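With CSV, C-alpha atoms inside, this is start.csv:
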```
chain,number,residue,atom,x,y,z
A,85,MET,CA,16.1,45.1,-64.5
A,86,TYR,CA,17.5,47.8,-62.1
A,87,LYS,CA,19.1,49.6,-65.1
A,88,TYR,CA,15.8,49.8,-67.0
A,89,VAL,CA,13.8,51.0,-64.1
A,90,ALA,CA,16.4,53.4,-62.6
A,91,LYS,CA,16.6,55.6,-65.7
A,92,TYR,CA,13.0,56.7,-65.4
A,93,PHE,CA,13.3,57.5,-61.7
A,94,ILE,CA,15.9,60.3,-61.9
A,95,PRO,CA,14.7,63.2,-59.7
A,96,SER,CA,14.7,65.7,-62.6
A,97,LYS,CA,12.5,63.4,-64.7
A,98,VAL,CA,10.2,62.7,-61.8
A,99,PHE,CA,10.0,66.4,-61.1
A,100,LYS,CA,9.0,67.1,-64.7
A,101,PHE,CA,6.4,64.3,-64.7
A,102,CYS,CA,4.9,65.6,-61.4
A,103,ASN,CA,4.8,69.2,-62.7
A,104,LEU,CA,3.0,68.0,-65.8
A,105,THR,CA,0.4,65.7,-64.1
A,106,ALA,CA,-0.4,67.3,-60.7
A,107,LEU,CA,-2.8,69.9,-61.8
A,108,PRO,CA,-4.7,67.8,-64.4
A,109,ALA,CA,-5.0,65.0,-61.8
A,110,PHE,CA,-6.4,67.4,-59.3
A,111,ILE,CA,-9.0,68.9,-61.7
A,112,ILE,CA,-10.1,65.5,-63.0
A,113,GLY,CA,-10.0,64.2,-59.4
A,114,ILE,CA,-12.2,67.0,-58.0
A,115,ILE,CA,-14.7,66.6,-60.8
A,116,ALA,CA,-14.8,62.8,-60.5
A,117,PHE,CA,-15.1,63.1,-56.7
A,118,LEU,CA,-18.0,65.5,-57.0
A,119,LEU,CA,-19.8,63.4,-59.6
A,120,SER,CA,-19.3,60.1,-57.8
A,121,SER,CA,-20.3,61.6,-54.4
A,122,ASN,CA,-23.5,62.9,-56.1
A,123,PHE,CA,-24.0,59.4,-57.6
A,124,VAL,CA,-23.6,57.5,-54.3
A,125,ILE,CA,-25.7,60.0,-52.3
A,126,TYR,CA,-28.6,60.5,-54.7
A,127,SER,CA,-28.6,57.6,-57.3
A,128,LEU,CA,-27.9,54.5,-55.2
A,129,PRO,CA,-30.7,52.8,-53.3
A,130,ALA,CA,-30.8,52.8,-49.5
A,131,ASP,CA,-29.8,49.8,-47.5
A,132,ILE,CA,-32.5,47.5,-46.0
A,133,GLU,CA,-31.0,47.5,-42.6
A,134,GLN,CA,-29.2,50.8,-42.3
A,135,GLN,CA,-31.3,52.9,-44.6
A,136,GLU,CA,-29.5,56.1,-45.7
A,137,ILE,CA,-26.6,56.1,-43.2
A,138,TYR,CA,-24.9,53.2,-45.0
A,139,ARG,CA,-23.7,55.7,-47.7
A,140,ILE,CA,-20.9,56.7,-45.4
A,141,LEU,CA,-19.4,53.4,-46.6
A,142,PHE,CA,-18.3,55.1,-49.8
A,143,ILE,CA,-15.9,57.4,-48.1
A,144,HIS,CA,-15.0,55.0,-45.2
A,145,VAL,CA,-14.0,52.0,-47.2
A,146,PRO,CA,-11.9,53.7,-50.0
A,147,SER,CA,-10.1,55.7,-47.3
A,148,ALA,CA,-9.4,52.5,-45.3
A,149,ILE,CA,-8.0,50.8,-48.4
A,150,LEU,CA,-5.8,53.8,-49.2
A,151,SER,CA,-4.6,54.3,-45.6
A,152,GLU,CA,-3.3,50.7,-45.6
A,153,LEU,CA,-2.0,50.7,-49.2
A,154,ILE,CA,-0.1,53.9,-48.6
A,155,TYR,CA,1.6,52.4,-45.5
A,156,LEU,CA,2.6,49.4,-47.6
A,157,PHE,CA,4.0,51.8,-50.2
A,158,LEU,CA,6.0,53.5,-47.5
A,159,ALA,CA,7.4,50.1,-46.4
A,160,VAL,CA,8.3,49.0,-49.9
A,161,ASN,CA,10.1,52.3,-50.6
A,162,GLY,CA,11.9,52.0,-47.3
A,163,PHE,CA,13.0,48.6,-48.3
A,164,ILE,CA,14.2,49.7,-51.7
A,165,TYR,CA,16.0,52.7,-50.1
A,166,LEU,CA,17.8,50.5,-47.6
A,167,VAL,CA,18.9,48.0,-50.1
A,168,TRP,CA,19.7,50.1,-53.2
A,169,ARG,CA,20.2,53.5,-51.7
A,170,THR,CA,18.0,55.1,-54.4
A,171,LYS,CA,17.3,58.7,-53.5
A,172,ILE,CA,14.0,58.7,-55.2
A,173,SER,CA,12.5,56.0,-52.9
A,174,ALA,CA,13.4,58.2,-49.9
A,175,ILE,CA,11.6,61.1,-51.7
A,176,PHE,CA,8.5,58.9,-52.4
A,177,LEU,CA,8.5,57.7,-48.7
A,178,ASN,CA,8.7,61.3,-47.4
A,179,SER,CA,6.0,62.5,-49.7
A,180,ALA,CA,3.4,59.8,-49.0
A,181,ILE,CA,3.4,60.0,-45.2
A,182,SER,CA,1.0,63.0,-44.9
A,183,LEU,CA,-1.4,61.4,-47.3
A,184,GLY,CA,-1.6,58.3,-45.2
A,185,LEU,CA,-2.2,60.3,-42.1
A,186,ILE,CA,-5.1,62.1,-43.8
A,187,PHE,CA,-6.8,58.9,-45.0
A,188,THR,CA,-6.3,57.2,-41.6
A,189,ALA,CA,-7.9,60.2,-39.9
A,190,ILE,CA,-10.8,60.1,-42.4
A,191,VAL,CA,-11.4,56.4,-41.7
A,192,LEU,CA,-11.5,56.9,-37.9
A,193,ILE,CA,-13.7,60.0,-38.1
A,194,SER,CA,-16.2,58.7,-40.7
A,195,GLY,CA,-16.3,55.3,-38.8
A,196,SER,CA,-17.0,57.2,-35.6
A,197,ILE,CA,-19.9,59.1,-37.2
A,198,TRP,CA,-21.2,55.9,-38.7
A,199,GLY,CA,-20.9,54.0,-35.4
A,200,LYS,CA,-23.2,56.2,-33.4
A,201,PRO,CA,-26.5,55.6,-35.3
A,202,THR,CA,-25.8,52.0,-36.2
A,203,TRP,CA,-23.9,50.4,-33.3
A,204,GLY,CA,-24.9,53.0,-30.7
A,205,THR,CA,-21.5,54.3,-29.8
A,206,TYR,CA,-18.8,56.6,-31.3
A,207,TRP,CA,-15.9,54.6,-30.1
A,208,VAL,CA,-15.2,51.1,-28.8
A,209,TRP,CA,-11.8,49.6,-28.1
A,210,ASP,CA,-12.3,46.5,-30.4
A,211,ALA,CA,-9.4,45.0,-32.3
A,212,ARG,CA,-10.2,46.7,-35.7
A,213,ILE,CA,-10.6,50.2,-34.3
A,214,THR,CA,-7.6,49.9,-32.0
A,215,SER,CA,-5.3,48.7,-34.7
A,216,THR,CA,-6.4,51.4,-37.0
A,217,PHE,CA,-5.8,53.9,-34.2
A,218,ILE,CA,-2.3,52.5,-33.9
A,219,LEU,CA,-1.8,53.1,-37.6
A,220,LEU,CA,-2.7,56.7,-37.1
A,221,ILE,CA,-0.1,57.0,-34.3
A,222,GLN,CA,2.4,55.3,-36.6
A,223,TYR,CA,1.8,58.0,-39.2
A,224,ILE,CA,2.1,60.8,-36.6
A,225,GLY,CA,5.3,59.2,-35.4
A,226,LEU,CA,6.8,59.1,-38.8
A,227,ILE,CA,6.0,62.8,-39.3
A,228,ALA,CA,7.6,63.6,-35.9
A,229,LEU,CA,10.7,61.6,-37.0
A,230,ARG,CA,11.0,63.6,-40.2
A,231,SER,CA,12.1,66.7,-38.3
A,232,SER,CA,14.0,65.0,-35.5
A,233,PHE,CA,17.4,64.5,-37.1
A,234,SER,CA,19.9,67.1,-38.5
A,235,SER,CA,21.1,65.0,-41.4
A,236,GLN,CA,18.8,64.1,-44.3
A,237,GLN,CA,20.5,60.7,-44.7
A,238,THR,CA,19.9,59.7,-41.1
A,239,THR,CA,16.3,60.8,-41.4
A,240,ASP,CA,15.7,58.7,-44.5
A,241,GLN,CA,17.3,55.6,-43.0
A,242,ILE,CA,15.4,55.9,-39.7
A,243,LEU,CA,12.1,56.5,-41.6
A,244,SER,CA,12.8,53.4,-43.8
A,245,ILE,CA,13.5,51.2,-40.8
A,246,VAL,CA,10.5,52.4,-38.8
A,247,SER,CA,8.1,52.1,-41.8
A,248,ILE,CA,9.3,48.5,-42.5
A,249,ILE,CA,8.7,47.5,-38.8
A,250,GLY,CA,5.3,49.2,-38.8
A,251,ALA,CA,4.1,47.2,-41.8
A,252,VAL,CA,3.5,44.4,-39.3
A,253,ASN,CA,0.4,46.2,-38.3
A,254,ILE,CA,-1.2,46.1,-41.7
A,255,PRO,CA,-2.1,42.4,-41.7
A,256,ILE,CA,-3.2,42.8,-38.1
A,257,ILE,CA,-5.7,45.5,-39.2
A,258,LYS,CA,-6.8,43.4,-42.2
A,259,PHE,CA,-7.4,40.2,-40.2
A,260,SER,CA,-8.4,41.7,-36.8
A,261,VAL,CA,-12.1,41.0,-37.5
A,262,ASP,CA,-11.3,37.3,-38.2
A,263,TRP,CA,-8.8,36.6,-35.4
A,264,TRP,CA,-10.7,38.2,-32.5
A,265,ASN,CA,-14.3,38.9,-31.8
A,266,THR,CA,-15.0,42.6,-32.5
A,267,LEU,CA,-17.9,44.9,-32.8
A,268,HIS,CA,-16.8,45.7,-36.4
A,269,GLN,CA,-18.4,43.4,-38.9
A,270,ASN,CA,-16.3,41.0,-41.1
A,271,ALA,CA,-15.0,42.0,-44.5
A,272,SER,CA,-17.8,42.5,-47.1
A,273,ILE,CA,-15.5,41.9,-50.1
A,274,THR,CA,-13.6,38.7,-50.1
A,275,THR,CA,-12.1,36.4,-52.6
A,276,SER,CA,-15.3,34.4,-52.6
A,277,GLY,CA,-17.3,37.5,-53.7
A,278,SER,CA,-19.0,40.6,-52.4
A,279,ALA,CA,-21.6,40.8,-49.7
A,280,ILE,CA,-22.5,44.2,-50.9
A,281,ASP,CA,-25.2,44.0,-53.6
A,282,SER,CA,-23.8,44.6,-57.1
A,283,GLU,CA,-26.1,47.5,-57.6
A,284,MET,CA,-24.5,49.4,-54.7
A,285,LEU,CA,-21.0,48.0,-55.2
A,286,ILE,CA,-20.4,50.2,-58.3
A,287,GLY,CA,-20.1,53.3,-56.1
A,288,LEU,CA,-17.0,51.9,-54.4
A,289,PRO,CA,-14.5,51.8,-57.4
A,290,LEU,CA,-15.8,55.2,-58.5
A,291,MET,CA,-15.0,56.8,-55.1
A,292,LEU,CA,-11.7,54.9,-54.9
A,293,VAL,CA,-10.5,56.1,-58.3
A,294,SER,CA,-11.5,59.8,-57.6
A,295,LEU,CA,-9.7,59.6,-54.2
A,296,LEU,CA,-6.7,58.0,-55.9
A,297,LEU,CA,-6.5,60.9,-58.5
A,298,LEU,CA,-6.8,63.5,-55.7
A,299,SER,CA,-4.2,61.9,-53.6
A,300,PHE,CA,-1.9,61.5,-56.6
A,301,SER,CA,-2.1,65.2,-57.2
A,302,ILE,CA,-1.1,66.0,-53.6
A,303,PHE,CA,1.5,63.3,-53.7
A,304,ALA,CA,3.0,64.8,-56.9
A,305,ARG,CA,3.3,68.3,-55.3
A,306,ASN,CA,4.8,66.8,-52.2
A,307,ILE,CA,7.4,65.1,-54.4
A,308,GLN,CA,8.3,68.3,-56.1
A,309,PHE,CA,8.6,70.1,-52.8
A,310,GLU,CA,10.8,67.3,-51.5
A,311,ILE,CA,13.1,67.3,-54.5
A,312,LEU,CA,13.5,71.1,-54.4
A,313,THR,CA,14.4,71.1,-50.7
A,314,ARG,CA,16.9,68.3,-51.2
A,315,THR,CA,18.7,69.9,-54.1
A,316,GLY,CA,18.9,73.3,-52.4
A,317,LYS,CA,19.7,76.6,-54.1
A,318,THR,CA,22.2,75.1,-56.6
A,319,SER,CA,22.6,75.1,-60.3
A,320,ALA,CA,21.2,71.6,-60.3
A,321,MET,CA,17.9,73.0,-58.9
A,322,ARG,CA,17.8,75.6,-61.7
A,323,GLU,CA,18.3,72.9,-64.2
A,324,ILE,CA,15.5,70.8,-62.7
A,325,ILE,CA,13.1,73.8,-62.7
A,326,ASN,CA,13.9,74.9,-66.2
A,327,GLY,CA,13.9,71.4,-67.5
B,86,MET,CA,22.1,40.3,-61.1
B,87,ILE,CA,21.9,41.6,-57.5
B,88,ARG,CA,25.2,42.3,-55.9
B,89,LYS,CA,26.3,40.2,-53.0
B,90,ASN,CA,26.2,43.0,-50.4
B,91,ARG,CA,22.7,44.0,-51.5
B,92,LEU,CA,21.6,40.4,-51.3
B,93,ASN,CA,22.9,40.2,-47.7
B,94,LYS,CA,21.0,43.4,-46.9
B,95,ILE,CA,17.8,41.9,-48.3
B,96,TYR,CA,18.3,38.8,-46.2
B,97,LEU,CA,18.9,41.0,-43.1
B,98,ILE,CA,15.8,43.0,-43.6
B,99,ILE,CA,13.6,39.9,-44.2
B,100,PHE,CA,15.1,38.2,-41.2
B,101,PHE,CA,14.5,41.4,-39.2
B,102,LEU,CA,10.9,41.7,-40.4
B,103,LEU,CA,10.2,38.0,-39.6
B,104,SER,CA,11.5,38.4,-36.1
B,105,VAL,CA,9.4,41.5,-35.5
B,106,GLY,CA,6.4,39.6,-36.9
B,107,LEU,CA,7.1,36.6,-34.7
B,108,ILE,CA,7.4,38.8,-31.6
B,109,THR,CA,4.1,40.5,-32.4
B,110,PHE,CA,2.5,37.2,-33.0
B,111,PHE,CA,3.5,35.9,-29.5
B,112,ILE,CA,2.5,39.1,-27.8
B,113,LEU,CA,-1.0,39.0,-29.5
B,114,ARG,CA,-1.3,35.3,-28.6
B,115,ALA,CA,-0.6,36.1,-25.0
B,116,LEU,CA,-3.1,38.9,-24.9
B,117,GLU,CA,-5.8,37.0,-26.9
B,118,LYS,CA,-8.3,37.1,-24.1
B,119,ASN,CA,-7.8,40.8,-23.5
B,120,ILE,CA,-8.1,41.8,-27.2
B,121,ASP,CA,-11.5,40.0,-27.6
B,122,LEU,CA,-14.1,42.6,-27.2
B,123,TYR,CA,-16.7,40.4,-25.6
B,124,LEU,CA,-17.3,37.0,-24.0
B,125,THR,CA,-19.8,34.6,-25.5
B,126,PRO,CA,-22.5,32.8,-23.4
B,127,SER,CA,-20.4,29.6,-23.7
B,128,ASP,CA,-17.4,31.5,-22.1
B,129,VAL,CA,-19.6,32.7,-19.2
B,130,LYS,CA,-21.2,29.2,-18.7
B,131,ALA,CA,-17.7,27.5,-18.7
B,132,ALA,CA,-16.6,26.0,-15.4
B,133,ASP,CA,-13.5,28.2,-15.0
B,134,PHE,CA,-15.5,31.4,-15.5
B,135,ASN,CA,-14.7,33.9,-12.7
B,136,GLN,CA,-15.4,37.5,-13.4
B,137,PRO,CA,-17.2,39.3,-10.7
B,138,ASP,CA,-17.0,42.9,-12.1
B,139,ASP,CA,-18.4,44.3,-15.3
B,140,PHE,CA,-17.7,42.6,-18.6
B,141,LYS,CA,-19.1,42.6,-22.2
B,142,LEU,CA,-21.4,39.7,-23.4
B,143,GLY,CA,-21.9,39.3,-27.1
B,144,GLY,CA,-23.7,37.0,-29.5
B,145,MET,CA,-27.0,36.9,-31.5
B,146,VAL,CA,-30.4,37.9,-30.2
B,147,LYS,CA,-32.4,34.7,-30.2
B,148,VAL,CA,-35.4,34.8,-32.5
B,149,GLY,CA,-38.7,35.2,-30.5
B,150,SER,CA,-36.9,35.9,-27.3
B,151,LEU,CA,-37.3,39.7,-27.2
B,152,GLU,CA,-39.8,40.7,-24.5
B,153,LYS,CA,-41.0,44.1,-23.2
B,154,LEU,CA,-41.2,44.3,-19.5
B,155,GLU,CA,-42.5,47.4,-17.6
B,156,GLY,CA,-41.4,50.8,-18.9
B,157,LEU,CA,-38.3,50.8,-21.0
B,158,GLU,CA,-37.1,47.5,-19.6
B,159,ILE,CA,-36.7,44.7,-22.0
B,160,SER,CA,-35.4,41.2,-21.8
B,161,PHE,CA,-33.9,38.9,-24.5
B,162,ILE,CA,-31.7,35.9,-24.9
B,163,VAL,CA,-28.2,36.1,-26.2
B,164,THR,CA,-27.1,32.9,-28.0
B,165,ASP,CA,-23.9,31.7,-29.6
B,166,PHE,CA,-25.8,28.7,-30.9
B,167,GLU,CA,-24.2,26.5,-28.1
B,168,SER,CA,-25.2,28.3,-24.9
B,169,GLU,CA,-27.8,30.9,-24.0
B,170,MET,CA,-28.0,33.8,-21.5
B,171,THR,CA,-30.9,36.0,-20.5
B,172,VAL,CA,-30.2,39.7,-20.6
B,173,ILE,CA,-32.2,42.4,-18.8
B,174,TYR,CA,-31.8,46.0,-20.0
B,175,GLU,CA,-33.5,49.3,-19.3
B,176,GLY,CA,-32.7,52.2,-21.6
B,177,VAL,CA,-32.4,53.4,-25.2
B,178,LEU,CA,-31.6,50.9,-27.8
B,179,PRO,CA,-29.5,51.4,-31.0
B,180,ASN,CA,-31.4,51.4,-34.3
B,181,LEU,CA,-30.0,48.2,-35.6
B,182,PHE,CA,-30.9,46.2,-32.4
B,183,LYS,CA,-33.4,43.5,-33.3
B,184,GLU,CA,-33.9,39.7,-33.2
B,185,ASN,CA,-31.6,37.4,-35.1
B,186,SER,CA,-28.9,40.1,-35.2
B,187,GLY,CA,-25.7,40.7,-33.3
B,188,VAL,CA,-25.5,42.4,-30.0
B,189,VAL,CA,-22.8,43.4,-27.5
B,190,ALA,CA,-24.0,44.2,-24.0
B,191,THR,CA,-22.0,45.7,-21.1
B,192,GLY,CA,-23.0,44.8,-17.6
B,193,SER,CA,-22.6,42.1,-14.9
B,194,LEU,CA,-24.3,38.9,-13.8
B,195,ASN,CA,-26.9,39.1,-11.1
B,196,SER,CA,-26.4,37.4,-7.7
B,197,GLU,CA,-27.9,34.1,-8.9
B,198,GLN,CA,-25.5,34.1,-11.9
B,199,ASN,CA,-28.3,33.2,-14.3
B,200,GLN,CA,-29.2,36.6,-15.7
B,201,PHE,CA,-27.1,39.4,-17.2
B,202,ILE,CA,-28.0,42.9,-16.1
B,203,ALA,CA,-26.9,45.2,-19.0
B,204,THR,CA,-26.1,48.9,-18.6
B,205,GLU,CA,-25.3,49.5,-22.3
B,206,ILE,CA,-26.4,47.7,-25.5
B,207,LEU,CA,-24.5,48.0,-28.8
B,208,ALA,CA,-25.7,46.5,-32.0
B,209,LYS,CA,-23.4,44.5,-34.2
B,210,HIS,CA,-24.5,44.3,-37.8
B,211,ASP,CA,-23.4,41.9,-40.4
B,212,GLU,CA,-21.4,42.6,-43.6
B,213,ASN,CA,-24.3,42.3,-46.0
B,214,TYR,CA,-25.7,45.3,-47.9
B,215,MET,CA,-28.9,45.0,-49.8
B,216,PRO,CA,-30.9,47.7,-51.6
B,217,VAL,CA,-34.3,48.5,-50.2
B,218,LYS,CA,-36.0,47.9,-53.6
B,219,ILE,CA,-35.5,44.1,-53.6
B,220,GLU,CA,-37.4,43.8,-50.4
B,221,VAL,CA,-40.3,45.7,-51.9
B,222,GLN,CA,-40.4,43.4,-54.9
B,223,ASN,CA,-40.7,40.3,-52.7
```
Structure re-expressed in structure tokens:
Amino acid sequence: MYKYVAKYFIPSKVFKFCNLTALPAFIIGIIAFLLSSNFVIYSLPADIEQQEIYRILFIHVPSAILSELIYLFLAVNGFIYLVWRTKISAIFLNSAISLGLIFTAIVLISGSIWGKPTWGTYWVWDARITSTFILLIQYIGLIALRSSFSSQQTTDQILSIVSIIGAVNIPIIKFSVDWWNTLHQNASITTSGSAIDSEMLIGLPLMLVSLLLLSFSIFARNIQFEILTRTGKTSAMREIING
Amino acid sequence: MIRKNRLNKIYLIIFFLLSVGLITFFILRALEKNIDLYLTPSDVKAADFNQPDDFKLGGMVKVGSLEKLEGLEISFIVTDFESEMTVIYEGVLPNLFKENSGVVATGSLNSEQNQFIATEILAKHDENYMPVKIEVQN
């Protein structure tokens, strides 16, 4: 299997793919984001309990999903890098960190804005919020580690190890509301169905897809940057750029 | 076919991850009481309860228990469907505070240990979201 997968993940091929898709993904993503924002703000009905403020859910929940998925992505790439020494996984790992940081920050900020009118406080040290805050610190730590070592290989190895250890926090975030008593409510969408009415639920996948497209475009540009800095000013780099 | 040295690496990482997970599990188990945001009325009524300073009390506001006293002062009963506790509070309430809904109050017990004097009230809402329209149709 390794043989078949590996031939598609050569840096020059990935660079070409990213170069081709980054801009279209960004344009489609921006349009989709504006349309679905417009849809969730103006077309969806208000909530019985929370009235209009519940609409912040449509930025809060997709960002939360992405912040956790991106961390798992880092850990998986770290794992692959440590076992198979594939350069491309280290490149993926490095390129995704900043995205995860952005989404974790969005979750905390939007949750804070949402908390004041509903719960009555901007911040409370309950298990869900604290573990998400720890995730933010983990991302900041990874970014700090990126520029802490002189050799690229050491950096990649340390980042892989740290991101794998940090993945322990992801199930803690997910199950924090079940394991401890918290101010944050339980999960709305579970395997047994959705506690969000189907009429409102449609906004969630729309926002998730547009955020995915936007983050892919940033991710692709990060990958290109990462590949170029790693190859340096060599003939190999010229080959990559010129195809 | 995965080469032997790679397989060993995979085992090493999995073993490593399991150990870290286990360590975290035991730390969280040991800190369980500190991670919980609030105590329930049952915890407070329990025989071994001994917390003289401020703490958080959480549960549901019992239906029909919300009373207006003089001024901004209110009283209500917090229940976890096993024990109950009367709460006295004076101040501004969050929007989602109402009967049969979750609440987390910060404060302390009064000298007779039978009432909870709250200094801050937070509302805890549930995970259900319903459009306004349905209520109108009913």
Residues within 8 Å of region 192-201 of chain A, all atoms listed in the file, excluding chain neighbours under 6 positions, as a count of residues only
11
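Neighbourhood of point (-28.1, 46.0, -51.2): residues with an atom at most 9 Å away, counting all atoms listed in the file, are Pro129, Ala130, Asp131, Ile132, Ala279, Ile280, Asp281, Ser282, Glu283, Met284 and Leu285 of chain A; Asn213, Tyr214, Met215, Pro216, Val217, Lys218 and Ile219 of chain B.
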Region 190-272 of chain A near region 187-204 of chain B within 12 Å: what's each residue's closest atom pair and its distance in Å to one decimal, counting only C-alpha atoms, ordered by chain then ascending residue number, as a tab-separated table?
```
residue	atom	partner	partner_atom	distance
A:Thr202	CA	B:Val188	CA	11.4
A:Trp203	CA	B:Val188	CA	8.8
A:Gly204	CA	B:Val189	CA	10.3
A:Thr205	CA	B:Val189	CA	11.2
A:Val208	CA	B:Val189	CA	10.9
A:Asp210	CA	B:Val189	CA	11.3
A:Asn265	CA	B:Val189	CA	10.5
A:Thr266	CA	B:Val189	CA	9.3
A:Leu267	CA	B:Val189	CA	7.4
A:His268	CA	B:Gly187	CA	10.7
A:Gln269	CA	B:Gly187	CA	9.6
```
Exercise answer, chain B residues close to chain A, 9 Å and only C-alpha atoms, as a ChimeraX atom specification
/B:86-87,90-92,94-95,98,101-102,105-106,109,117-118,120-124,143,178-182,187-189,206-220
Leaving out Arg230 (chain A) and any residue of its chain fewer than 2 positions from it, which residues lie within 9 Å of it when counting all atoms listed in the file, given as a VMD selection string?
chain A and resid 178 225 to 228 232 to 233 236 239 to 240 242 to 243
Using only C-alpha atoms, which of the listed residues (A:Thr275, A:Ser299, A:Ser96, A:Gln241) sits closest to Leu185 (chain A)?
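Between A:Thr275, A:Ser299, A:Ser96, A:Gln241, the residue approaching Leu185 (chain A) most closely is A:Ser299.
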What is the CA of Arg305 (chain A)-CA of Leu107 (chain A) distance in Å, reported with one decimal?
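So the answer is 9.1 Å.
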Of the candidates A:Gly113, A:Leu183, A:Asn103, A:Lys97, which one gets nearest to Leu290 (chain A) if we count only C-alpha atoms?
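With only C-alpha atoms as the atom set, the closest residue is A:Gly113.
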At a cut-off of 7 Å from (10.8, 52.2, -50.2) in the coordinates of the file, what residues are picked up using only C-alpha atoms, written as a list of chain:residue names?
A:Phe157, A:Leu158, A:Ala159, A:Val160, A:Asn161, A:Gly162, A:Phe163, A:Ile164, A:Tyr165, A:Ser173, A:Ala174, A:Leu177, A:Ser244
My structure is short of atoms at region 129-140 of chain B; please model N, CA and C atoms there, returning them as a compact mmCIF listing (two decimals), in the frame of the given file.
```
# COMPACT_ATOMS: atom_id res chain seq x y z
N VAL B 129 -19.08 32.33 -20.54
CA VAL B 129 -19.60 32.70 -19.20
C VAL B 129 -20.08 31.38 -18.50
N LYS B 130 -20.66 30.43 -19.27
CA LYS B 130 -21.20 29.20 -18.70
C LYS B 130 -20.03 28.21 -18.34
N ALA B 131 -18.83 28.49 -18.91
CA ALA B 131 -17.70 27.50 -18.70
C ALA B 131 -17.38 27.43 -17.23
N ALA B 132 -16.84 26.26 -16.84
CA ALA B 132 -16.60 26.00 -15.40
C ALA B 132 -15.60 26.92 -14.80
N ASP B 133 -14.59 27.34 -15.59
CA ASP B 133 -13.50 28.20 -15.00
C ASP B 133 -13.87 29.66 -15.06
N PHE B 134 -15.12 30.01 -15.37
CA PHE B 134 -15.50 31.40 -15.50
C PHE B 134 -15.49 32.08 -14.10
N ASN B 135 -14.77 33.18 -13.98
CA ASN B 135 -14.70 33.90 -12.70
C ASN B 135 -14.47 35.34 -12.95
N GLN B 136 -15.52 36.10 -13.14
CA GLN B 136 -15.40 37.50 -13.40
C GLN B 136 -16.45 38.29 -12.69
N PRO B 137 -16.18 38.72 -11.46
CA PRO B 137 -17.20 39.30 -10.70
C PRO B 137 -17.64 40.73 -11.15
N ASP B 138 -16.69 41.48 -11.76
CA ASP B 138 -17.00 42.90 -12.10
C ASP B 138 -17.64 42.92 -13.54
N ASP B 139 -17.76 44.13 -14.05
CA ASP B 139 -18.40 44.30 -15.30
C ASP B 139 -17.64 43.67 -16.48
N PHE B 140 -18.37 43.13 -17.42
CA PHE B 140 -17.70 42.60 -18.60
C PHE B 140 -18.72 42.78 -19.79
```
